[in-house]
Amino acid sequence: MMETLIKEITADQDFSNLRAIVISAEGPVFSAGHNLKELKSELGKAQYEKVFSLATKLMLSIINSPVPIIAKVDGLAAAAGCQLIAQCDITICSEESQFSTPGANFGIFCSTPGIALARCVPKMVALHMLLTGNPISSKEAKESGLVSKVVSKDKLDEEVDKICNAILLKSRSVIELGKKFYYKQVQTDIKNAYAMGERQMVDNVGMKDGQEGILSFAEKRKPVWSS
Amino acid sequence: MMETLIKEITADQDFSNLRAIVISAEGPVFSAGHNLKELKSELGKAQYEKVFSLATKLMLSIINSPVPIIAKVDGLAAAAGCQLIAQCDITICSEESQFSTPGANFGIFCSTPGIALARCVPKMVALHMLLTGNPISSKEAKESGLVSKVVSKDKLDEEVDKICNAILLKSRSVIELGKKFYYKQVQTDIKNAYAMGERQMVDNVGMKDGQEGILSFAEKRKPVWSS
Amino acid sequence: MMETLIKEITADQDFSNLRAIVISAEGPVFSAGHNLKELKSELGKAQYEKVFSLATKLMLSIINSPVPIIAKVDGLAAAAGCQLIAQCDITICSEESQFSTPGANFGIFCSTPGIALARCVPKMVALHMLLTGNPISSKEAKESGLVSKVVSKDKLDEEVDKICNAILLKSRSVIELGKKFYYKQVQTDIKNAYAMGERQMVDNVGMKDGQEGILSFAEKRKPVWSS
């Protein structure tokens, strides 16, 4: 599953018609995370290392993808499944969805899910989830920042389409540059971030699609992106 | 506009009667951010550099101001306008206010607004705003931490006055020291922050207004600040 | 009081039957923070240094405790009292509870409370609290991430028991490893966090209680922890 996700996320990433990736699931469970049976002692340390190295590769492939990656959740996202949706750029879920990091119940603390979780929600929510293993509702997920939006089950596709359409209206290279910069600046101190940001804005304005955007605005017409 | 804001923020900063700065606007738009017409290609790279260098200077002048800077928003704060209010120390807005970072619609990704935004709201909110360009309501802004408080339009001045009055009751030098330390500690690891914090508290207690505060508390009377 | 708290938090920390620590209070005030009378000028700088060095030691003892530390708040947590609950791993409060950092009213800015606060709540909430000194309600505390959950006064013990029972069902050594890793990873950049996380997960799977958890899951039985 992880190999497939990595392959699908990276395969067409330089194909200009790829503009966004939506990760969804069938059935009542979005993802329950790792298959614990793949971690049995008889399989040995090399197997554990392979599993968690793949998981890291998957998470970094989401950050490094030039296009936005959107999780569409309708059901339970647990453990590394919760990590997956927390690592996406945008997550939309149905009201029925739930989120949990119950690894410690099975002797495996959700340490890596906690990495993505801690970068989405307040400490008091993250540690409550990690230490108790109890799920939170879609409402709590929205309130704490774990998801971008909650909609009723029958509006889920519509909402995700709305986001994809908003992305489609923009230049691919501008979205790529913007997403890349976001993950870079968020990890540095604010003074350095603004110093990098100045150069970023100057570069963006100098881009073909930067100038086309500015011109189309001045001329009150729709932009025609080169990308 | 940016030059005026920088001038007004820094001009009287050592004047002891200056205790807080309120940034407000007239009309239905608080600020729509940069004027894209100032970024046309015929104006050249030196012009873009000037614009974004000024923007950084403005943002850092807010952080470095010895007095709290409060945004009073009644309307739309978009792009660098959204950055401006996110960079303030406190933001109060009316129920009708909206916030957006729609730069990518015009080929210029809101990369620098994203710097201030990412330090106020959860990732799932920031990236949704940046990648779709869609506005959020005052209610969503409050829930996600972009503003300190939402009040009805007719209570906006009253609420801002309440905050200014709360600041006026305190010592100017204590507020200055506290604001400065906040922005310093928030960027370092917690162990280092507490090490710096110990020294900060000892220095604060040793200040004339620190001792006056403690004495007035013990003597159950109003403090008389030297600053 | 601080010496007693440090002693009680650290005394039995290697005793395997200790599984969680609950910090609570009697009366309408959970904690009003430092006693300002201990900071009078005639007591001298060495006294101030002792007070704030102890406060740091107390905060770090919470982070370094191998077991989760839960604050049960029913009343006002102010200044260093607010810092204390913000530094805990999980905080549960009653609807009547309030939280404030009013130090600047008494000439002593809540700089060190701000360290814990800034790592729980959005900047717009933290600075509003610190600069005005005004309290926030339990509802606002929940919405901004300062507490994990708000319950009615008569459900407070039940809720805390629920959390403790959830922790009791897990392996002590797994909880210890998970808590320790959380505070480590949260302070580093995401790439490094995932690199550390890979090793952490491999180590966890290799632990006796890691394998017992996986086996019990596969065999559909309750785990029997060695720890």
# chains A, B, ... in the order shown; residues from 1 in each chain; ligands from 1
>>> interface_residues(of="chain A", to="chain B", cutoff="8 Å", atoms="only C-alpha atoms", output="ChimeraX atom specification")
/A:68,89-91,119-121,143,145-148,163,166-167,169-171,174-175,177-179,181-182,185-186,189-191,193-195,197-202,204-206,209-218,223
>>> write_last_selection(atoms="N, CA and C atoms", output="short mmCIF file (atom, residue, chain, number, x, y, z; two decimals), in the first residue's frame")
data_model
loop_
_atom_site.label_atom_id
_atom_site.label_comp_id
_atom_site.auth_asym_id
_atom_site.auth_seq_id
_atom_site.Cartn_x
_atom_site.Cartn_y
_atom_site.Cartn_z
N PRO A 68 -0.69 20.20 -4.87
CA PRO A 68 -1.34 20.00 -3.57
C PRO A 68 -1.89 18.58 -3.44
N ASP A 89 -1.69 18.37 2.44
CA ASP A 89 -1.75 19.83 2.44
C ASP A 89 -3.12 20.34 2.89
N ILE A 90 -4.14 19.62 2.48
CA ILE A 90 -5.52 19.98 2.81
C ILE A 90 -6.25 18.68 3.13
N THR A 91 -7.08 18.69 4.18
CA THR A 91 -7.88 17.50 4.48
C THR A 91 -9.34 17.92 4.65
N ARG A 119 2.28 18.99 14.36
CA ARG A 119 2.43 20.13 13.46
C ARG A 119 1.07 20.60 12.91
N CYS A 120 -0.02 19.98 13.40
CA CYS A 120 -1.37 20.40 13.01
C CYS A 120 -2.19 20.92 14.19
N VAL A 121 -2.09 20.26 15.33
CA VAL A 121 -3.01 20.56 16.44
C VAL A 121 -2.25 21.01 17.68
N GLU A 143 -12.04 21.84 14.99
CA GLU A 143 -11.75 22.85 16.00
C GLU A 143 -10.27 22.91 16.37
N GLY A 145 -7.76 21.98 14.31
CA GLY A 145 -6.89 22.22 13.16
C GLY A 145 -6.41 20.98 12.43
N LEU A 146 -6.93 19.81 12.80
CA LEU A 146 -6.47 18.58 12.14
C LEU A 146 -7.03 18.45 10.73
N VAL A 147 -8.20 19.04 10.48
CA VAL A 147 -8.75 19.03 9.13
C VAL A 147 -9.09 20.47 8.70
N SER A 148 -9.16 20.66 7.39
CA SER A 148 -9.44 22.00 6.87
C SER A 148 -10.92 22.32 6.91
N ILE A 163 -12.29 22.67 -4.21
CA ILE A 163 -10.87 22.97 -3.93
C ILE A 163 -10.03 22.70 -5.17
N ALA A 166 -10.51 25.40 -7.67
CA ALA A 166 -9.80 26.63 -7.28
C ALA A 166 -8.32 26.52 -7.64
N ILE A 167 -7.76 25.34 -7.48
CA ILE A 167 -6.34 25.13 -7.82
C ILE A 167 -6.15 25.18 -9.33
N LEU A 169 -7.65 26.88 -11.50
CA LEU A 169 -7.70 28.25 -12.04
C LEU A 169 -6.36 28.97 -11.98
N LYS A 170 -5.43 28.37 -11.24
CA LYS A 170 -4.14 29.05 -11.01
C LYS A 170 -3.03 28.43 -11.87
N SER A 171 -1.91 29.10 -11.92
CA SER A 171 -0.75 28.59 -12.66
C SER A 171 -0.11 27.45 -11.89
N VAL A 174 3.18 28.48 -10.27
CA VAL A 174 3.00 29.39 -9.13
C VAL A 174 2.57 28.60 -7.89
N ILE A 175 1.66 27.65 -8.08
CA ILE A 175 1.25 26.78 -6.96
C ILE A 175 2.46 25.98 -6.45
N LEU A 177 5.71 26.67 -6.65
CA LEU A 177 6.63 27.57 -5.95
C LEU A 177 6.07 27.96 -4.58
N GLY A 178 4.74 28.17 -4.52
CA GLY A 178 4.12 28.60 -3.27
C GLY A 178 4.11 27.49 -2.22
N LYS A 179 3.77 26.29 -2.65
CA LYS A 179 3.74 25.16 -1.72
C LYS A 179 5.14 24.88 -1.18
N PHE A 181 7.69 26.88 -0.91
CA PHE A 181 8.15 27.93 0.00
C PHE A 181 7.47 27.82 1.36
N TYR A 182 6.18 27.48 1.37
CA TYR A 182 5.46 27.37 2.64
C TYR A 182 6.20 26.43 3.61
N GLN A 185 9.63 28.03 4.76
CA GLN A 185 9.62 29.19 5.66
C GLN A 185 9.06 28.84 7.04
N VAL A 186 8.16 27.85 7.07
CA VAL A 186 7.48 27.55 8.33
C VAL A 186 8.46 26.99 9.37
N ASP A 189 13.20 30.83 11.55
CA ASP A 189 12.76 31.98 12.36
C ASP A 189 12.21 33.07 11.46
N ILE A 190 11.40 33.94 12.03
CA ILE A 190 10.61 34.86 11.22
C ILE A 190 11.48 35.86 10.45
N LYS A 191 12.59 36.28 11.00
CA LYS A 191 13.44 37.25 10.31
C LYS A 191 14.04 36.61 9.06
N ALA A 193 12.80 34.03 7.58
CA ALA A 193 11.68 33.72 6.68
C ALA A 193 11.36 34.94 5.80
N TYR A 194 11.32 36.11 6.40
CA TYR A 194 11.03 37.32 5.61
C TYR A 194 12.17 37.63 4.62
N ALA A 195 13.41 37.37 5.04
CA ALA A 195 14.53 37.59 4.11
C ALA A 195 14.38 36.66 2.90
N GLY A 197 11.60 35.34 1.98
CA GLY A 197 10.33 35.71 1.34
C GLY A 197 10.48 36.85 0.35
N GLU A 198 11.32 37.82 0.68
CA GLU A 198 11.59 38.93 -0.25
C GLU A 198 12.08 38.40 -1.59
N ARG A 199 13.10 37.53 -1.53
CA ARG A 199 13.67 36.97 -2.77
C ARG A 199 12.62 36.16 -3.52
N GLN A 200 11.82 35.40 -2.74
CA GLN A 200 10.77 34.56 -3.33
C GLN A 200 9.77 35.41 -4.11
N MET A 201 9.34 36.52 -3.53
CA MET A 201 8.34 37.38 -4.16
C MET A 201 8.93 38.02 -5.42
N VAL A 202 10.16 38.48 -5.33
CA VAL A 202 10.81 39.09 -6.49
C VAL A 202 10.91 38.06 -7.62
N ASN A 204 8.99 35.46 -8.05
CA ASN A 204 7.63 35.15 -8.51
C ASN A 204 7.11 36.23 -9.46
N VAL A 205 7.35 37.49 -9.11
CA VAL A 205 6.91 38.59 -9.97
C VAL A 205 7.62 38.53 -11.33
N GLY A 206 8.88 38.07 -11.30
CA GLY A 206 9.65 37.98 -12.54
C GLY A 206 9.26 36.80 -13.43
N ASP A 209 4.32 33.63 -15.61
CA ASP A 209 2.95 33.60 -15.10
C ASP A 209 2.71 34.67 -14.03
N GLY A 210 3.78 35.13 -13.41
CA GLY A 210 3.65 36.26 -12.48
C GLY A 210 3.25 37.52 -13.26
N GLN A 211 3.97 37.78 -14.32
CA GLN A 211 3.66 38.97 -15.12
C GLN A 211 2.30 38.84 -15.82
N GLU A 212 1.97 37.63 -16.28
CA GLU A 212 0.66 37.43 -16.92
C GLU A 212 -0.46 37.71 -15.92
N GLY A 213 -0.28 37.28 -14.68
CA GLY A 213 -1.28 37.53 -13.65
C GLY A 213 -1.47 39.02 -13.41
N ILE A 214 -0.37 39.72 -13.30
CA ILE A 214 -0.43 41.17 -13.04
C ILE A 214 -1.07 41.91 -14.22
N LEU A 215 -0.66 41.53 -15.44
CA LEU A 215 -1.24 42.14 -16.64
C LEU A 215 -2.74 41.89 -16.74
N SER A 216 -3.14 40.63 -16.54
CA SER A 216 -4.56 40.28 -16.66
C SER A 216 -5.38 41.05 -15.63
N PHE A 217 -4.80 41.26 -14.44
CA PHE A 217 -5.47 42.05 -13.41
C PHE A 217 -5.65 43.49 -13.87
N ALA A 218 -4.57 44.07 -14.39
CA ALA A 218 -4.62 45.46 -14.85
C ALA A 218 -5.57 45.62 -16.02
N PRO A 223 -6.57 35.50 -16.81
CA PRO A 223 -5.18 35.22 -17.17
C PRO A 223 -5.08 33.97 -18.06
#
>>> select_by_dssp(residues="region 52-107 of chain C", states="strand (DSSP E or B)", output="list in words")
Ile69, Ile70, Ala71, Lys72, Val73, Leu76, Ala77, Ala78, Ile90, Thr91, Ile92, Cys93, Ser94, Gln98, Phe99 and Ser100 of chain C
>>> residues_around(residues="Ile23 (chain B)", least_positions_apart="6", cutoff="10 Å", atoms="only C-alpha atoms", output="list of chain:residue names")
B:Leu5, B:Ile9, B:Phe30, B:Ile69, B:Ile70, B:Ala71, B:Lys72, B:Val73, B:Leu84, B:Ile85, B:Cys88, B:Thr91
>>> select_by_dssp(residues="region 97-194 of chain C", states="helix (DSSP H, G or I)", output="PyMOL selection string")
chain C and resi 103-106+111-118+123-132+138-144+153-168+172-185+190-194
>>> residues_around(residues="Ala80 (chain A)", least_positions_apart="2", cutoff="7 Å", atoms="only C-alpha atoms", output="number ranges by chain")
A: 32-34, 78, 82-84, 113
>>> closest_residue(among="B:Asn192, B:Ser94, B:Ser31, B:Ser100", to="Glu159 (chain B)", atoms="only C-alpha atoms")
B:Ser94
